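S.K.: Before I ask anything, here is the structure I am working with.
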Amino acid sequence: MELPPQVKNPVPIAIRGAGYYLPDRVLTNADLEKMVETSDEWITERTGIKERRVADPAMSTSDMAICAAKRALANANMQPGEIDMIICATITPDMQFPSTACLIQKGIDARGAFAFDVSAACTGFIYALANAYTFIASDYVKNVLVIGAEKMSSITDYTDRNTCVLFGDGAGAVVLSRTDNPGHGIVDFILESDGRNALWLQVPAGGSRIPASTSSIGERMHYISMEGREVFKFAVTAMKRTTVRIAERNNLKAEDITWLIPHQANKRIIDAAAAALGLDASHIHFNIQKYGNMSAASTAVGLAEVILEKKPKAGDHLLLVAFGAGMTWGSLLIRW
Ligand code: UT7
């Protein structure tokens, strides 16, 4: 297989502010025990998840994203009018169109921006950050708001124990701008996909192939359907490969990685990726136990948490790695 492309002569583009939002309602493993045939022990051992957040029925993906975006702007000490471009990574848009990014633009009143969504499932936030980087590096725009937001509860079948224990809702956001600090900011990324196994993870109906109908609803085709074991095997290989490759090609050893910020699908997958690099668990940012798998929002919330709560220092390395439906996978390296 050909080697993926590499960022050459990186332009210094850094994160100016971050924010995240999580719904208040907590769905615990004990709650799920009352809904499907499962146990706290099974969920904890097989996934590492103890609880997840679930948005109120009236709250949409863009509502959560707007909260996260406002917090990121406040943290960056910026006004919405300074944003030139908004990218939202999501697979749970408010509706098929308009884009969730345009709804966020309205919600924060960023009139000078243009806005669009990125669909790369759980890898979406990394794809969106890479898009922001290339738009800023080409001098097309100055300030970009990047959001990963998901209302996974809206596509989760709470009668299916194979999937309903895994997912949660949330949103994370960052503002990216050029800096005058060479060698800092986003220094490299790897984006990969393989459509041959595109149907391992899907919502079968509601698109142009199977539009919504009484039979698609009756057959529960508007919910996530997943080949769990196949996805697991694929994820371990892809996560190990992208983690090791981006570290090696940037001459970084395990001890140079301050925070690994992985997609939070399964603790066993994260542990395998970290072990491939020889990284100690104390350098992995985990939120899976509290929030479950929030798809594109997992790395977005993770990055915002690390920035706001772990306060990285100049020279620290933050490494985002993710995989998801598509299949897609990738990594993105930030030097603080
Ligand atoms: O962001 C990407 C999204 N998806 C993923 O990353 C998912 C990747 N896959 C996984 O994380 C794992 O495959 C799962 C957590 C989904 C499942 O763990 P596993 O160790 O691969 O279990 P399994 O699929 O091999 O199933 C083992 C057993 C099965 O019973 P039988 O067939 O052996 O009798 C399942 O029916 O566990 C059963 N099972 C459950 N039991 C209790 C499946 N779900 C549950 C459950 N509670 N919630």
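We name chains A, B, ... following the order of the structure tokens; residues begin at 1 in each chain, and ligands are numbered from 1 as shown.
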Could you list, as a ChimeraX atom specification, all protein and nucleic acid residues with an atom at most 9 Å from ligand 1, counting only C-alpha atoms and all ligand atoms?
M.R.: /A:32-33,36-43,45-47,121-123,160-167,201,226-235,263-269,293-296,322-325
S.K.: Write out as a CSV table (one decimal) with all heavy atoms, in the first residue's frame the residues lying within 10 Å of region 49-61 of chain A, counting only C-alpha atoms and excluding same-chain residues fewer than 3 positions away.
M.R.:
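This went into result_13.csv:
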chain,number,residue,atom,x,y,z
A,22,LEU,N,-21.7,19.3,27.0
A,22,LEU,CA,-22.3,17.9,27.2
A,22,LEU,C,-23.7,18.1,27.9
A,22,LEU,O,-23.8,18.9,28.8
A,22,LEU,CB,-21.4,17.1,28.1
A,22,LEU,CG,-20.0,16.8,27.5
A,22,LEU,CD1,-19.0,16.6,28.6
A,22,LEU,CD2,-20.1,15.7,26.6
A,23,PRO,N,-24.7,17.4,27.4
A,23,PRO,CA,-26.0,17.4,28.0
A,23,PRO,C,-25.9,17.0,29.4
A,23,PRO,O,-25.1,16.2,29.8
A,23,PRO,CB,-26.8,16.5,27.2
A,23,PRO,CG,-26.0,16.1,26.0
A,23,PRO,CD,-24.6,16.4,26.3
A,24,ASP,N,-26.8,17.5,30.3
A,24,ASP,CA,-26.8,17.2,31.7
A,24,ASP,C,-27.2,15.7,32.0
A,24,ASP,O,-26.7,15.1,32.9
A,24,ASP,CB,-27.8,18.1,32.5
A,24,ASP,CG,-27.3,19.5,32.5
A,24,ASP,OD1,-26.1,19.7,32.3
A,24,ASP,OD2,-28.1,20.4,32.6
A,25,ARG,N,-28.2,15.2,31.1
A,25,ARG,CA,-28.7,13.9,31.5
A,25,ARG,C,-27.7,12.8,31.3
A,25,ARG,O,-27.1,12.6,30.3
A,25,ARG,CB,-30.0,13.6,30.6
A,25,ARG,CG,-30.8,12.5,31.1
A,25,ARG,CD,-32.0,12.2,30.2
A,25,ARG,NE,-32.2,10.8,30.2
A,25,ARG,CZ,-32.7,10.1,29.2
A,25,ARG,NH1,-33.1,10.8,28.1
A,25,ARG,NH2,-32.9,8.8,29.2
A,26,VAL,N,-27.6,12.0,32.4
A,26,VAL,CA,-26.6,10.9,32.4
A,26,VAL,C,-27.4,9.5,32.3
A,26,VAL,O,-28.4,9.3,33.0
A,26,VAL,CB,-25.8,10.9,33.7
A,26,VAL,CG1,-24.9,9.7,33.8
A,26,VAL,CG2,-25.0,12.2,33.9
A,27,LEU,N,-26.9,8.7,31.3
A,27,LEU,CA,-27.5,7.4,31.2
A,27,LEU,C,-26.4,6.4,31.6
A,27,LEU,O,-25.4,6.2,31.0
A,27,LEU,CB,-27.8,7.1,29.7
A,27,LEU,CG,-28.5,5.8,29.3
A,27,LEU,CD1,-29.9,5.7,29.9
A,27,LEU,CD2,-28.6,5.6,27.8
A,28,THR,N,-26.7,5.7,32.7
A,28,THR,CA,-25.6,4.8,33.3
A,28,THR,C,-25.8,3.4,32.8
A,28,THR,O,-26.9,3.0,32.2
A,28,THR,CB,-25.8,4.8,34.9
A,28,THR,OG1,-27.0,4.2,35.2
A,28,THR,CG2,-25.7,6.2,35.5
A,29,ASN,N,-24.8,2.6,33.1
A,29,ASN,CA,-24.9,1.2,32.7
A,29,ASN,C,-26.1,0.5,33.5
A,29,ASN,O,-26.8,-0.4,33.0
A,29,ASN,CB,-23.6,0.4,33.0
A,29,ASN,CG,-22.5,0.8,32.1
A,29,ASN,OD1,-22.7,1.5,31.1
A,29,ASN,ND2,-21.3,0.4,32.4
A,30,ALA,N,-26.3,1.0,34.7
A,30,ALA,CA,-27.4,0.5,35.5
A,30,ALA,C,-28.8,0.8,34.8
A,30,ALA,O,-29.7,0.0,34.8
A,30,ALA,CB,-27.4,1.0,36.9
A,31,ASP,N,-28.9,2.0,34.2
A,31,ASP,CA,-30.1,2.4,33.5
A,31,ASP,C,-30.3,1.4,32.3
A,31,ASP,O,-31.4,1.0,32.1
A,31,ASP,CB,-30.0,3.8,33.0
A,31,ASP,CG,-29.9,4.9,34.1
A,31,ASP,OD1,-30.5,4.6,35.1
A,31,ASP,OD2,-29.3,5.9,33.8
A,32,LEU,N,-29.2,1.1,31.6
A,32,LEU,CA,-29.3,0.3,30.4
A,32,LEU,C,-29.7,-1.2,30.8
A,32,LEU,O,-30.3,-1.9,30.0
A,32,LEU,CB,-28.0,0.3,29.6
A,32,LEU,CG,-27.8,1.6,28.8
A,32,LEU,CD1,-26.3,1.8,28.5
A,32,LEU,CD2,-28.6,1.6,27.5
A,40,ASP,N,-23.6,-4.1,33.8
A,40,ASP,CA,-22.5,-3.2,34.0
A,40,ASP,C,-21.2,-3.9,33.8
A,40,ASP,O,-20.3,-3.3,33.2
A,40,ASP,CB,-22.6,-2.6,35.4
A,40,ASP,CG,-21.5,-1.7,35.8
A,40,ASP,OD1,-21.1,-0.9,34.9
A,40,ASP,OD2,-20.9,-1.9,36.9
A,41,GLU,N,-21.1,-5.1,34.3
A,41,GLU,CA,-19.8,-5.8,34.2
A,41,GLU,C,-19.4,-6.1,32.7
A,41,GLU,O,-18.3,-5.8,32.3
A,41,GLU,CB,-20.0,-7.2,34.9
A,41,GLU,CG,-18.7,-7.9,35.1
A,41,GLU,CD,-19.0,-9.4,35.6
A,41,GLU,OE1,-20.2,-9.8,35.7
A,41,GLU,OE2,-18.0,-10.1,35.7
A,42,TRP,N,-20.4,-6.5,31.9
A,42,TRP,CA,-20.1,-6.8,30.5
A,42,TRP,C,-19.7,-5.5,29.8
A,42,TRP,O,-18.7,-5.4,29.1
A,42,TRP,CB,-21.4,-7.3,29.7
A,42,TRP,CG,-21.0,-7.8,28.4
A,42,TRP,CD1,-20.8,-9.1,28.0
A,42,TRP,CD2,-20.9,-7.1,27.2
A,42,TRP,NE1,-20.5,-9.2,26.7
A,42,TRP,CE2,-20.6,-8.0,26.1
A,42,TRP,CE3,-21.1,-5.8,26.8
A,42,TRP,CZ2,-20.4,-7.6,24.8
A,42,TRP,CZ3,-20.9,-5.3,25.5
A,42,TRP,CH2,-20.6,-6.3,24.5
A,43,ILE,N,-20.4,-4.4,30.0
A,43,ILE,CA,-20.1,-3.1,29.3
A,43,ILE,C,-18.8,-2.6,29.7
A,43,ILE,O,-18.0,-2.2,28.9
A,43,ILE,CB,-21.3,-2.1,29.6
A,43,ILE,CG1,-22.6,-2.6,29.1
A,43,ILE,CG2,-20.9,-0.8,28.8
A,43,ILE,CD1,-23.8,-1.7,29.6
A,44,THR,N,-18.5,-2.6,31.0
A,44,THR,CA,-17.3,-2.1,31.6
A,44,THR,C,-16.1,-2.9,31.0
A,44,THR,O,-15.1,-2.4,30.5
A,44,THR,CB,-17.3,-2.1,33.1
A,44,THR,OG1,-18.4,-1.5,33.5
A,44,THR,CG2,-16.0,-1.4,33.7
A,45,GLU,N,-16.2,-4.3,31.1
A,45,GLU,CA,-15.1,-5.1,30.6
A,45,GLU,C,-14.8,-5.0,29.2
A,45,GLU,O,-13.7,-5.0,28.7
A,45,GLU,CB,-15.4,-6.6,31.0
A,45,GLU,CG,-14.8,-7.0,32.3
A,45,GLU,CD,-15.2,-8.4,32.7
A,45,GLU,OE1,-15.5,-9.2,31.8
A,45,GLU,OE2,-15.2,-8.7,33.9
A,46,ARG,N,-15.9,-5.0,28.4
A,46,ARG,CA,-15.7,-5.1,26.9
A,46,ARG,C,-15.4,-3.7,26.3
A,46,ARG,O,-15.0,-3.7,25.2
A,46,ARG,CB,-17.0,-5.7,26.2
A,46,ARG,CG,-17.4,-7.0,26.7
A,46,ARG,CD,-16.4,-8.1,26.1
A,46,ARG,NE,-16.8,-9.4,26.6
A,46,ARG,CZ,-17.1,-10.4,25.7
A,46,ARG,NH1,-17.1,-10.2,24.4
A,46,ARG,NH2,-17.5,-11.6,26.2
A,64,MET,N,-26.2,21.8,20.6
A,64,MET,CA,-25.0,21.5,21.4
A,64,MET,C,-23.8,22.2,20.8
A,64,MET,O,-22.9,22.7,21.5
A,64,MET,CB,-24.8,20.0,21.4
A,64,MET,CG,-25.9,19.3,22.2
A,64,MET,SD,-25.5,17.5,22.4
A,64,MET,CE,-26.1,16.9,20.9
A,65,ALA,N,-23.7,22.2,19.5
A,65,ALA,CA,-22.5,22.8,18.8
A,65,ALA,C,-22.4,24.3,19.1
A,65,ALA,O,-21.3,24.8,19.2
A,65,ALA,CB,-22.6,22.5,17.3
A,66,ILE,N,-23.6,24.9,19.1
A,66,ILE,CA,-23.6,26.4,19.3
A,66,ILE,C,-23.1,26.7,20.7
A,66,ILE,O,-22.3,27.6,20.9
A,66,ILE,CB,-25.0,26.9,19.1
A,66,ILE,CG1,-25.3,26.9,17.6
A,66,ILE,CG2,-25.2,28.4,19.7
A,66,ILE,CD1,-26.8,27.1,17.3
A,90,THR,N,-20.0,16.0,11.5
A,90,THR,CA,-21.1,15.3,12.2
A,90,THR,C,-21.7,14.3,11.2
A,90,THR,O,-21.6,14.4,10.0
A,90,THR,CB,-22.2,16.3,12.6
A,90,THR,OG1,-23.2,15.7,13.4
A,90,THR,CG2,-22.9,17.0,11.4
A,91,ILE,N,-22.3,13.2,11.8
A,91,ILE,CA,-23.1,12.2,11.1
A,91,ILE,C,-24.5,12.3,11.6
A,91,ILE,O,-25.3,11.5,11.2
A,91,ILE,CB,-22.5,10.8,11.1
A,91,ILE,CG1,-22.2,10.4,12.6
A,91,ILE,CG2,-21.3,10.7,10.2
A,91,ILE,CD1,-22.1,8.9,12.8
A,92,THR,N,-24.8,13.2,12.5
A,92,THR,CA,-26.1,13.4,13.0
A,92,THR,C,-26.6,14.8,12.8
A,92,THR,O,-26.9,15.5,13.8
A,92,THR,CB,-26.2,13.0,14.5
A,92,THR,OG1,-25.2,13.6,15.2
A,92,THR,CG2,-26.1,11.5,14.7
A,93,PRO,N,-26.6,15.3,11.6
A,93,PRO,CA,-27.0,16.7,11.3
A,93,PRO,C,-28.4,16.9,11.8
A,93,PRO,O,-29.2,16.0,11.9
A,93,PRO,CB,-26.9,16.8,9.8
A,93,PRO,CG,-27.0,15.4,9.3
A,93,PRO,CD,-26.4,14.5,10.3
A,94,ASP,N,-28.8,18.2,12.0
A,94,ASP,CA,-30.1,18.5,12.4
A,94,ASP,C,-31.1,17.9,11.4
A,94,ASP,O,-32.2,17.5,11.8
A,94,ASP,CB,-30.3,20.0,12.5
A,94,ASP,CG,-29.7,20.6,13.8
A,94,ASP,OD1,-28.7,20.0,14.3
A,94,ASP,OD2,-30.2,21.6,14.3
A,95,MET,N,-30.8,18.1,10.1
A,95,MET,CA,-31.6,17.6,9.0
A,95,MET,C,-30.7,17.3,7.8
A,95,MET,O,-29.5,17.7,7.9
A,95,MET,CB,-32.7,18.6,8.7
A,95,MET,CG,-32.2,20.0,8.5
A,95,MET,SD,-33.4,21.3,8.5
A,95,MET,CE,-33.4,21.8,10.2
A,100,THR,N,-25.5,21.5,9.1
A,100,THR,CA,-25.5,21.9,10.5
A,100,THR,C,-24.5,23.1,10.7
A,100,THR,O,-24.8,24.0,11.6
A,100,THR,CB,-25.0,20.7,11.4
A,100,THR,OG1,-26.0,19.7,11.1
A,100,THR,CG2,-25.0,21.0,12.9
A,103,LEU,N,-26.4,26.2,10.4
A,103,LEU,CA,-27.3,26.5,11.5
A,103,LEU,C,-26.5,27.0,12.7
A,103,LEU,O,-26.9,27.9,13.5
A,103,LEU,CB,-28.0,25.2,11.9
A,103,LEU,CG,-28.9,24.6,10.8
A,103,LEU,CD1,-29.5,23.3,11.2
A,103,LEU,CD2,-30.1,25.6,10.6
A,104,ILE,N,-25.2,26.6,12.8
A,104,ILE,CA,-24.3,27.1,13.8
A,104,ILE,C,-24.0,28.5,13.5
A,104,ILE,O,-23.9,29.4,14.4
A,104,ILE,CB,-23.0,26.2,13.9
A,104,ILE,CG1,-23.4,24.8,14.3
A,104,ILE,CG2,-22.0,26.8,14.9
A,104,ILE,CD1,-22.3,23.8,14.1
A,148,GLY,N,-16.9,19.4,16.3
A,148,GLY,CA,-17.3,18.0,16.2
A,148,GLY,C,-18.5,17.9,17.1
A,148,GLY,O,-18.4,18.1,18.3
A,149,ALA,N,-19.7,17.6,16.5
A,149,ALA,CA,-20.9,17.5,17.4
A,149,ALA,C,-21.8,16.4,16.9
A,149,ALA,O,-22.0,16.2,15.7
A,149,ALA,CB,-21.7,18.9,17.2
A,150,GLU,N,-22.4,15.7,17.9
A,150,GLU,CA,-23.2,14.5,17.5
A,150,GLU,C,-24.3,14.3,18.6
A,150,GLU,O,-24.1,14.4,19.8
A,150,GLU,CB,-22.4,13.2,17.5
A,150,GLU,CG,-21.2,13.2,16.6
A,150,GLU,CD,-21.5,12.9,15.2
A,150,GLU,OE1,-22.7,13.0,14.7
A,150,GLU,OE2,-20.5,12.6,14.4
A,151,LYS,N,-25.5,14.1,18.0
A,151,LYS,CA,-26.6,13.6,18.9
A,151,LYS,C,-26.8,12.1,18.5
A,151,LYS,O,-27.7,11.7,17.8
A,151,LYS,CB,-27.9,14.4,18.7
A,151,LYS,CG,-29.0,14.0,19.6
A,151,LYS,CD,-30.2,14.8,19.4
A,151,LYS,CE,-31.3,14.4,20.4
A,151,LYS,NZ,-32.6,15.1,20.1
A,152,MET,N,-25.9,11.3,19.0
A,152,MET,CA,-25.9,9.8,18.6
A,152,MET,C,-27.2,9.2,19.1
A,152,MET,O,-27.6,8.2,18.5
A,152,MET,CB,-24.6,9.1,19.2
A,152,MET,CG,-23.3,9.6,18.6
A,152,MET,SD,-23.3,9.5,16.8
A,152,MET,CE,-23.1,7.7,16.6
A,153,SER,N,-27.7,9.7,20.2
A,153,SER,CA,-29.0,9.1,20.7
A,153,SER,C,-30.1,9.2,19.7
A,153,SER,O,-31.1,8.4,19.8
A,153,SER,CB,-29.4,9.8,22.0
A,153,SER,OG,-29.7,11.2,21.8
A,154,SER,N,-30.0,10.1,18.7
A,154,SER,CA,-31.1,10.2,17.7
A,154,SER,C,-31.0,9.1,16.6
A,154,SER,O,-32.0,8.9,15.9
A,154,SER,CB,-31.0,11.5,17.0
A,154,SER,OG,-29.9,11.6,16.2
A,165,VAL,N,-25.4,0.4,24.1
A,165,VAL,CA,-24.6,0.6,25.2
A,165,VAL,C,-23.4,1.5,24.9
A,165,VAL,O,-22.7,2.0,25.8
A,165,VAL,CB,-24.1,-0.7,25.9
A,165,VAL,CG1,-25.2,-1.6,26.3
A,165,VAL,CG2,-23.1,-1.4,24.9
A,166,LEU,N,-23.1,1.7,23.6
A,166,LEU,CA,-21.8,2.3,23.2
A,166,LEU,C,-21.9,3.9,23.1
A,166,LEU,O,-20.9,4.5,23.3
A,166,LEU,CB,-21.4,1.8,21.8
A,166,LEU,CG,-21.3,0.3,21.7
A,166,LEU,CD1,-21.0,-0.1,20.3
A,166,LEU,CD2,-20.2,-0.2,22.6
A,167,PHE,N,-23.0,4.4,22.7
A,167,PHE,CA,-23.0,5.8,22.2
A,167,PHE,C,-23.5,6.9,23.1
A,167,PHE,O,-24.4,6.6,24.0
A,167,PHE,CB,-23.8,5.9,20.8
A,167,PHE,CG,-23.1,5.0,19.8
A,167,PHE,CD1,-23.7,3.8,19.5
A,167,PHE,CD2,-22.0,5.4,19.1
A,167,PHE,CE1,-23.1,2.9,18.5
A,167,PHE,CE2,-21.4,4.6,18.2
A,167,PHE,CZ,-22.0,3.3,17.9
A,168,GLY,N,-23.0,8.1,22.9
A,168,GLY,CA,-23.5,9.2,23.7
A,168,GLY,C,-23.5,10.5,22.9
A,168,GLY,O,-23.0,10.5,21.8
A,169,ASP,N,-24.0,11.6,23.5
A,169,ASP,CA,-24.1,12.9,22.8
A,169,ASP,C,-23.1,13.9,23.4
A,169,ASP,O,-22.8,13.9,24.6
A,169,ASP,CB,-25.5,13.5,23.0
A,169,ASP,CG,-26.6,12.5,22.5
A,169,ASP,OD1,-26.3,11.6,21.7
A,169,ASP,OD2,-27.8,12.6,23.0
A,170,GLY,N,-22.7,14.9,22.5
A,170,GLY,CA,-21.9,16.0,23.0
A,170,GLY,C,-21.3,16.8,21.8
A,170,GLY,O,-21.6,16.5,20.7
A,171,ALA,N,-20.6,17.8,22.2
A,171,ALA,CA,-20.0,18.7,21.1
A,171,ALA,C,-18.7,19.4,21.7
A,171,ALA,O,-18.6,19.7,22.8
A,171,ALA,CB,-21.0,19.8,20.7
A,264,GLN,N,-12.9,7.6,21.2
A,264,GLN,CA,-13.2,6.8,22.3
A,264,GLN,C,-14.3,5.8,22.0
A,264,GLN,O,-15.5,6.0,22.4
A,264,GLN,CB,-13.7,7.8,23.5
A,264,GLN,CG,-12.8,9.0,23.7
A,264,GLN,CD,-11.6,8.7,24.7
A,264,GLN,OE1,-11.8,8.0,25.7
A,264,GLN,NE2,-10.5,9.3,24.4
A,265,ALA,N,-14.0,4.8,21.2
A,265,ALA,CA,-15.0,3.8,20.8
A,265,ALA,C,-14.9,2.6,21.8
A,265,ALA,O,-16.0,2.0,22.1
A,265,ALA,CB,-14.7,3.3,19.4
A,266,ASN,N,-13.7,2.3,22.2
A,266,ASN,CA,-13.6,1.1,23.1
A,266,ASN,C,-12.2,1.2,23.7
A,266,ASN,O,-11.2,1.4,23.0
A,266,ASN,CB,-13.6,-0.2,22.2
A,266,ASN,CG,-13.7,-1.4,23.0
A,266,ASN,OD1,-12.9,-1.6,24.0
A,266,ASN,ND2,-14.5,-2.3,22.6
A,267,LYS,N,-12.2,1.1,25.0
A,267,LYS,CA,-10.9,1.2,25.8
A,267,LYS,C,-9.8,0.2,25.3
A,267,LYS,O,-8.6,0.5,25.2
A,267,LYS,CB,-11.1,1.1,27.3
A,267,LYS,CG,-9.9,1.4,28.1
A,267,LYS,CD,-10.1,1.5,29.6
A,267,LYS,CE,-8.8,1.8,30.3
A,267,LYS,NZ,-7.8,0.8,30.1
A,287,ASN,N,-12.0,9.8,28.0
A,287,ASN,CA,-13.3,10.3,28.6
A,287,ASN,C,-14.4,9.2,28.3
A,287,ASN,O,-15.6,9.5,28.5
A,287,ASN,CB,-13.6,11.7,28.1
A,287,ASN,CG,-13.7,11.8,26.5
A,287,ASN,OD1,-14.0,10.8,25.9
A,287,ASN,ND2,-13.5,13.0,26.0
A,288,ILE,N,-14.0,8.1,27.7
A,288,ILE,CA,-14.9,7.1,27.3
A,288,ILE,C,-15.8,6.6,28.5
A,288,ILE,O,-17.0,6.3,28.4
A,288,ILE,CB,-14.2,5.9,26.7
A,288,ILE,CG1,-15.3,4.9,26.1
A,288,ILE,CG2,-13.3,5.1,27.6
A,288,ILE,CD1,-14.7,3.8,25.2
A,289,GLN,N,-15.2,6.5,29.7
A,289,GLN,CA,-15.9,6.1,30.9
A,289,GLN,C,-17.1,7.0,31.2
A,289,GLN,O,-18.1,6.5,31.7
A,289,GLN,CB,-15.0,5.9,32.1
A,289,GLN,CG,-14.4,7.1,32.7
A,289,GLN,CD,-13.3,7.8,31.9
A,289,GLN,OE1,-13.0,7.4,30.8
A,289,GLN,NE2,-12.8,9.0,32.4
A,290,LYS,N,-17.0,8.3,30.9
A,290,LYS,CA,-18.0,9.3,31.3
A,290,LYS,C,-19.0,9.5,30.1
A,290,LYS,O,-20.1,9.8,30.4
A,290,LYS,CB,-17.3,10.6,31.6
A,290,LYS,CG,-16.4,10.6,32.8
A,290,LYS,CD,-15.9,12.0,33.0
A,290,LYS,CE,-14.9,12.5,32.0
A,290,LYS,NZ,-14.3,13.8,32.3
A,291,TYR,N,-18.5,9.5,28.9
A,291,TYR,CA,-19.3,9.9,27.8
A,291,TYR,C,-19.6,8.9,26.7
A,291,TYR,O,-20.3,9.2,25.7
A,291,TYR,CB,-18.6,11.1,27.1
A,291,TYR,CG,-18.1,12.2,28.0
A,291,TYR,CD1,-16.9,12.9,27.8
A,291,TYR,CD2,-18.9,12.6,29.1
A,291,TYR,CE1,-16.5,13.9,28.6
A,291,TYR,CE2,-18.5,13.6,29.9
A,291,TYR,CZ,-17.3,14.3,29.7
A,291,TYR,OH,-16.9,15.3,30.5
A,292,GLY,N,-18.9,7.7,26.8
A,292,GLY,CA,-19.1,6.7,25.7
A,292,GLY,C,-18.5,7.2,24.4
A,292,GLY,O,-17.7,8.1,24.4
A,293,ASN,N,-19.0,6.6,23.3
A,293,ASN,CA,-18.6,7.0,21.9
A,293,ASN,C,-19.5,8.1,21.4
A,293,ASN,O,-20.6,7.9,21.1
A,293,ASN,CB,-18.6,5.7,21.1
A,293,ASN,CG,-18.2,6.0,19.6
A,293,ASN,OD1,-18.0,7.1,19.2
A,293,ASN,ND2,-18.0,4.9,18.9
A,294,MET,N,-18.9,9.3,21.2
A,294,MET,CA,-19.6,10.4,20.7
A,294,MET,C,-19.3,10.7,19.3
A,294,MET,O,-19.4,11.8,18.8
A,294,MET,CB,-19.4,11.7,21.5
A,294,MET,CG,-19.8,11.5,23.0
A,294,MET,SD,-19.5,13.1,23.9
A,294,MET,CE,-17.7,13.1,24.0
S.K.: Where in region 75-282 of chain A does DSSP assign helix (DSSP H, G or I), given as a PyMOL selection string?
M.R.: chain A and resi 75-76+80-82+100-108+121-137+152-154+161-164+195-200+214-218+228-249+254-256+267-277+281-282
S.K.: Considering only C-alpha atoms, state which residue in the set A:Met35, A:Val175, A:Ile136, A:Leu277 is at the smallest distance from Ile83 (chain A).
M.R.: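 For Ile83 (chain A), the nearest of the given residues is A:Val175.
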S.K.: May I ask which of the residues A:His184, A:Pro80, A:Ser215, A:Gly124 is the closest one to Val321 (chain A), counting only C-alpha atoms?
M.R.: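 Answer, going by the shortest atom-to-atom distance: A:Gly124.
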S.K.: Rounded to one decimal, what separation in Å do you get between CA of Ala113 (chain A) and CA of Ile86 (chain A)?
M.R.: 6.7 Å
S.K.: Identify, with DSSP run on backbone atoms, the residues in region 121-188 of chain A assigned to strand (DSSP E or B), and express the list as a list in words.
M.R.: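 Taking region 121-188 of chain A and keeping strand (DSSP E or B) gives Val144, Leu145, Val146, Ile147, Gly148, Ala149, Glu150, Lys151, Phe167, Asp169, Gly170, Ala171, Gly172, Ala173, Val174, Val175, Leu176, Ser177, Arg178, Gly185, Ile186, Val187 and Asp188 of chain A.
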S.K.: Nearest to Glu255 (chain A): which of A:Ala72, A:Ala272, A:Thr237, A:Ala281 is it, counting only C-alpha atoms?
M.R.: A:Ala281
S.K.: Between A:Met221, A:Leu73, A:Ala120, A:Ile334, which one has atoms that come closest to Ala314 (chain A), using only C-alpha atoms?
M.R.: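 Of A:Met221, A:Leu73, A:Ala120, A:Ile334, the one nearest Ala314 (chain A), counting only C-alpha atoms, is A:Ile334.
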S.K.: My list of candidates is A:Thr258, A:Val301, A:Val174, A:Thr242. Which is closest to Ala273 (chain A) when distances are computed with only C-alpha atoms?
M.R.: A:Thr242
S.K.: Quick one: of A:Cys102, A:Ala14, A:Ile257, A:Ala275, who's nearest to Ala132 (chain A), counting only C-alpha atoms?
M.R.: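 Selected residue with least distance to Ala132 (chain A): A:Ala14.
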S.K.: Could you pull the residues within 9 Å of Ala304 (chain A), counting only C-alpha atoms, minus those fewer than 2 positions along the same chain, as a ChimeraX atom specification?
M.R.: /A:17-20,72,172-174,299-302,306-309
S.K.: Using Å and a single decimal, report how far CA of Gly326 (chain A) sits from CA of Arg249 (chain A).
M.R.: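 Value for the CA of Arg249 (chain A)-CA of Gly326 (chain A) distance: 25.2 Å.
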